[in-house]
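Trainee: Input: one structure, supplied below.
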Amino acid sequence: MKVLLLLLLFCHVSSPVKHSLKYFCTGSSGVPNLPEFVAAVLVDDVLAGYCDSNKKTVEPKQDWVTTLLEDTPQQLEWYTAECVESQPNYFKAKIYDLKQRFNQSGVHILQRMDGCEWDDETGEINGFNQYGYDGEDFIAFDLKTLTWIAPKQQAVITKQRWDAEKRRTKITEMYLTKIYPEWLKKYVAYGKSSLLRTELPSVSLLQKTPSSPVSCHATGFHPKGASLFWRKDGEELHEDVDHGEILPNNDGTFQMSVDLNLSSVTPEDWRRYDCVFQLSGVEDDIVTGLDKAAIRTNWVKPSHMTVPIGAAAVVVLALVLIAAAGFMIYKRKKDKRPPSSPDSSSELSDKLNPET
């Protein structure tokens, strides 16, 4: 998700500190070497736990999660029951129902993402619950109207059924507005040493070829709330700029990049550009000036000894003609010789073979 921040000149505007709890569940049918059900829980986009229908056990992925489950065994019981029995059976039945309704066979995948976001500055909470089928949006819950939204005609039947199930609506609302937010606050409290840490990134300027855009790449930062942008003469640029998404690293930190197209910029004007990185909760920005000497690239300048394609083609053609001419001369000489008899060939063979 791209977060666009409006930044004023010489004024740093810090973004609100938001935390998130996300549950990703995937049910599959007919996919070889893949469990029929897989689930993962992410806190602030960091993998906290995992389970699947093959292992049938909950695996904490962070030390603070292990401590939390030890202190609150009811949480472990809930996750185990959901992962081992409830959700695998639900997804299996739902996929079967969809395949029957659409008269399908073969490989199919049903996914659900639910959870909530919590702004610890404003206290605002936003819950979400949405399904995807075979890689496309299928149905989602609207907390404002307490109804299900069907973006595709194929999901209308499901919407009508679920809207009529008042108990489903109440349970969904309770999880999104009360249970999940309470759990998220508890998880943040247990994992604050990790989740609330501040790590500044290393910022590099990268370029594939001299004609490619210059990419400003920041990696190793935490938390996720950050912005990266190019500016000219102190003002943020919006044209000739391509913003990348914030992506996770294996160590729990994040990375992002923003590209600048310099095709219309003269070398003399490069000094007017710089890349700015801003991290939530950190007052000082990291500013990197556009310096040609600081750009990292793996591009290698072509060697002057390389034979041009046209010249190489001429050389190859000449070699082919020489070989053809030599073959014709050899053939003419051979044709002028009298044919050898079988006896003479045998005699020659005998001379060449000392054992006979």
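Please note that chains go A, B, ... in the order of the structure tokens, that every chain numbers its residues from 1, and that ligands are numbered from 1 in the order shown.
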Compile the contact shell of A:Ala218 as an NGL selection string: residues with an atom at most 7 Å away, counting only C-alpha atoms, same-chain residues fewer than 4 positions apart removed.
Mentor: :A and (201-204 or 255-257)
Trainee: If you count only C-alpha atoms, which residues fall within 10 Å of stretch 97-102 of chain A, apart from same-chain ones fewer than 5 positions away, as number ranges by chain?
Mentor: A: 29, 91-92, 107-108, 110, 133, 154-155, 157-158
Trainee: Tell me, as a list in words, which residues lie within 6 Å of A:Cys51, counting only C-alpha atoms; anything in the same chain fewer than 5 positions away does not count.
Mentor: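 Selected residues are Ala39, Thr57 and Val58 of chain A.
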Trainee: Just to be explicit: take each residue in the selection above, keep N, CA, C and O atoms, and write the result as a CSV table (one decimal), in the first residue's frame.
Mentor:
```
chain,number,residue,atom,x,y,z
A,39,ALA,N,-2.3,-20.8,7.3
A,39,ALA,CA,-2.7,-19.5,8.0
A,39,ALA,C,-1.4,-18.8,8.5
A,39,ALA,O,-0.5,-19.5,9.0
A,57,THR,N,-0.2,-27.7,14.0
A,57,THR,CA,0.3,-27.1,15.2
A,57,THR,C,0.6,-25.6,15.0
A,57,THR,O,0.9,-25.2,13.8
A,58,VAL,N,0.5,-24.8,16.0
A,58,VAL,CA,0.8,-23.4,15.9
A,58,VAL,C,2.3,-23.1,16.1
A,58,VAL,O,2.8,-23.6,17.2
```
Trainee: Near A:His243, counting only C-alpha atoms, which residues have an atom at most 9 Å away, once you skip same-chain residues fewer than 4 positions from it, shown as a list in words?
Mentor: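 Those residues are Lys2, Leu228, Phe229, Met256, Ser257, Val258 and Asp259 of chain A.
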Trainee: Residues as selected, all heavy atoms, written as a PDB file, in the first residue's frame, can you do that?
Mentor:
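What landed in out-v1.pdb:
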```pdb
ATOM      1  N   LYS A   2       0.609   2.157  -0.881  1.00  0.00           N
ATOM      2  CA  LYS A   2       1.386   3.368  -0.976  1.00  0.00           C
ATOM      3  C   LYS A   2       0.762   4.459  -0.113  1.00  0.00           C
ATOM      4  O   LYS A   2      -0.420   4.745  -0.194  1.00  0.00           O
ATOM      5  CB  LYS A   2       1.482   3.837  -2.428  1.00  0.00           C
ATOM      6  CG  LYS A   2       2.209   2.842  -3.341  1.00  0.00           C
ATOM      7  CD  LYS A   2       2.310   3.379  -4.743  1.00  0.00           C
ATOM      8  CE  LYS A   2       3.051   2.396  -5.634  1.00  0.00           C
ATOM      9  NZ  LYS A   2       3.147   2.855  -7.022  1.00  0.00           N
ATOM     10  N   LEU A 228       9.821   8.403   1.239  1.00  0.00           N
ATOM     11  CA  LEU A 228      11.031   8.598   0.455  1.00  0.00           C
ATOM     12  C   LEU A 228      10.645   9.345  -0.812  1.00  0.00           C
ATOM     13  O   LEU A 228       9.722   8.930  -1.519  1.00  0.00           O
ATOM     14  CB  LEU A 228      11.662   7.245   0.124  1.00  0.00           C
ATOM     15  CG  LEU A 228      13.018   7.246  -0.577  1.00  0.00           C
ATOM     16  CD1 LEU A 228      14.105   7.780   0.354  1.00  0.00           C
ATOM     17  CD2 LEU A 228      13.391   5.844  -1.044  1.00  0.00           C
ATOM     18  N   PHE A 229      11.323  10.448  -1.087  1.00  0.00           N
ATOM     19  CA  PHE A 229      10.935  11.239  -2.255  1.00  0.00           C
ATOM     20  C   PHE A 229      12.125  12.036  -2.769  1.00  0.00           C
ATOM     21  O   PHE A 229      13.120  12.260  -2.059  1.00  0.00           O
ATOM     22  CB  PHE A 229       9.773  12.185  -1.917  1.00  0.00           C
ATOM     23  CG  PHE A 229      10.058  13.140  -0.791  1.00  0.00           C
ATOM     24  CD1 PHE A 229      10.553  14.415  -1.031  1.00  0.00           C
ATOM     25  CD2 PHE A 229       9.823  12.770   0.519  1.00  0.00           C
ATOM     26  CE1 PHE A 229      10.814  15.296   0.001  1.00  0.00           C
ATOM     27  CE2 PHE A 229      10.072  13.640   1.570  1.00  0.00           C
ATOM     28  CZ  PHE A 229      10.572  14.907   1.318  1.00  0.00           C
ATOM     29  N   MET A 256      12.488   0.407   0.582  1.00  0.00           N
ATOM     30  CA  MET A 256      11.677   1.096  -0.413  1.00  0.00           C
ATOM     31  C   MET A 256      12.599   1.861  -1.352  1.00  0.00           C
ATOM     32  O   MET A 256      13.777   2.074  -1.048  1.00  0.00           O
ATOM     33  CB  MET A 256      10.670   2.051   0.257  1.00  0.00           C
ATOM     34  CG  MET A 256      11.317   3.195   1.007  1.00  0.00           C
ATOM     35  SD  MET A 256      10.161   4.182   2.023  1.00  0.00           S
ATOM     36  CE  MET A 256       8.916   4.617   0.834  1.00  0.00           C
ATOM     37  N   SER A 257      12.069   2.260  -2.495  1.00  0.00           N
ATOM     38  CA  SER A 257      12.868   3.003  -3.469  1.00  0.00           C
ATOM     39  C   SER A 257      11.984   3.969  -4.236  1.00  0.00           C
ATOM     40  O   SER A 257      10.769   3.800  -4.316  1.00  0.00           O
ATOM     41  CB  SER A 257      13.573   2.049  -4.440  1.00  0.00           C
ATOM     42  OG  SER A 257      12.622   1.307  -5.179  1.00  0.00           O
ATOM     43  N   VAL A 258      12.604   4.976  -4.811  1.00  0.00           N
ATOM     44  CA  VAL A 258      11.901   5.938  -5.658  1.00  0.00           C
ATOM     45  C   VAL A 258      12.840   6.303  -6.798  1.00  0.00           C
ATOM     46  O   VAL A 258      14.011   6.609  -6.586  1.00  0.00           O
ATOM     47  CB  VAL A 258      11.463   7.186  -4.849  1.00  0.00           C
ATOM     48  CG1 VAL A 258      12.648   7.861  -4.176  1.00  0.00           C
ATOM     49  CG2 VAL A 258      10.730   8.175  -5.750  1.00  0.00           C
ATOM     50  N   ASP A 259      12.331   6.212  -8.039  1.00  0.00           N
ATOM     51  CA  ASP A 259      13.141   6.443  -9.233  1.00  0.00           C
ATOM     52  C   ASP A 259      12.933   7.854  -9.776  1.00  0.00           C
ATOM     53  O   ASP A 259      11.820   8.389  -9.740  1.00  0.00           O
ATOM     54  CB  ASP A 259      12.785   5.428 -10.318  1.00  0.00           C
ATOM     55  CG  ASP A 259      13.128   4.001  -9.910  1.00  0.00           C
ATOM     56  OD1 ASP A 259      13.869   3.846  -8.927  1.00  0.00           O
ATOM     57  OD2 ASP A 259      12.647   3.066 -10.570  1.00  0.00           O
TER      58      ASP A 259
END
```
Trainee: Within 10 Å of A:Leu196, counting only C-alpha atoms, which residues show up once you throw out same-chain ones fewer than 2 positions away? Write them as a ChimeraX atom specification, please.
Mentor: /A:17,19,44,188-189,191-194,198-199,222-223
Trainee: Export N, CA and C atoms of the chosen residues as a CSV table (one decimal), in the first residue's frame?
Mentor:
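The new file part.csv reads:
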```
chain,number,residue,atom,x,y,z
A,17,VAL,N,1.4,7.0,14.2
A,17,VAL,CA,2.0,5.7,14.4
A,17,VAL,C,0.8,4.7,14.4
A,19,HIS,N,-0.6,0.7,14.0
A,19,HIS,CA,-0.3,-0.7,14.2
A,19,HIS,C,-1.3,-1.5,13.5
A,44,ASP,N,2.0,-5.6,12.7
A,44,ASP,CA,2.8,-4.6,12.0
A,44,ASP,C,3.6,-5.1,10.9
A,188,VAL,N,1.2,-5.6,20.8
A,188,VAL,CA,2.2,-4.5,20.7
A,188,VAL,C,2.9,-4.3,22.0
A,189,ALA,N,2.2,-4.5,23.1
A,189,ALA,CA,2.8,-4.4,24.5
A,189,ALA,C,3.8,-5.4,24.7
A,191,GLY,N,5.4,-7.1,22.3
A,191,GLY,CA,6.5,-7.1,21.3
A,191,GLY,C,7.1,-5.7,21.1
A,192,LYS,N,6.9,-4.8,22.1
A,192,LYS,CA,7.3,-3.4,21.9
A,192,LYS,C,8.8,-3.2,21.7
A,193,SER,N,9.6,-4.1,22.4
A,193,SER,CA,11.0,-3.9,22.2
A,193,SER,C,11.4,-4.2,20.7
A,194,SER,N,10.7,-5.0,20.1
A,194,SER,CA,10.9,-5.3,18.7
A,194,SER,C,10.1,-4.4,17.7
A,198,THR,N,13.4,1.7,16.7
A,198,THR,CA,13.7,2.6,15.6
A,198,THR,C,15.1,2.3,15.0
A,199,GLU,N,15.1,2.0,13.7
A,199,GLU,CA,16.3,1.7,13.0
A,199,GLU,C,16.4,2.6,11.7
A,222,HIS,N,13.1,0.8,10.3
A,222,HIS,CA,12.0,0.4,11.1
A,222,HIS,C,11.6,1.5,12.0
A,223,PRO,N,10.3,1.8,12.2
A,223,PRO,CA,9.1,1.1,11.8
A,223,PRO,C,8.8,1.3,10.3
```
Trainee: Using only C-alpha atoms for the distances, tell me which of A:Gly123, A:Gly252, A:Gly234, A:Pro267 is nearest to A:Asp45.
Mentor: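 Of the candidates, the smallest distance to A:Asp45 is held by A:Gly252.
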Trainee: Quick check for you: according to DSSP on this backbone, which residues of stretch 179-318 of chain A are classed as alpha helix (DSSP H)? Reply as an MDAnalysis selection string.
Mentor: chainID A and resid 180:190 192:195 309:318
Trainee: Extract, using only C-alpha atoms, all DNA, RNA and protein residues at most 7 Å from stretch 159-164 of chain A, discarding same-chain residues fewer than 6 positions from it, and format them as a list in words.
Mentor: Thr147, Trp148, Ile149 and Ala150 of chain A
Trainee: Just the number, please: distance in Å from atom CA of A:Leu260 to atom CA of A:Asp291, one decimal.
Mentor: 13.1 Å
Trainee: Write out as number ranges by chain the residues lying within 12 Å of A:Thr177, counting only C-alpha atoms and excluding same-chain residues fewer than 6 positions away.
Mentor: A: 114-118, 124-129, 143-144, 146, 170-171, 183-184
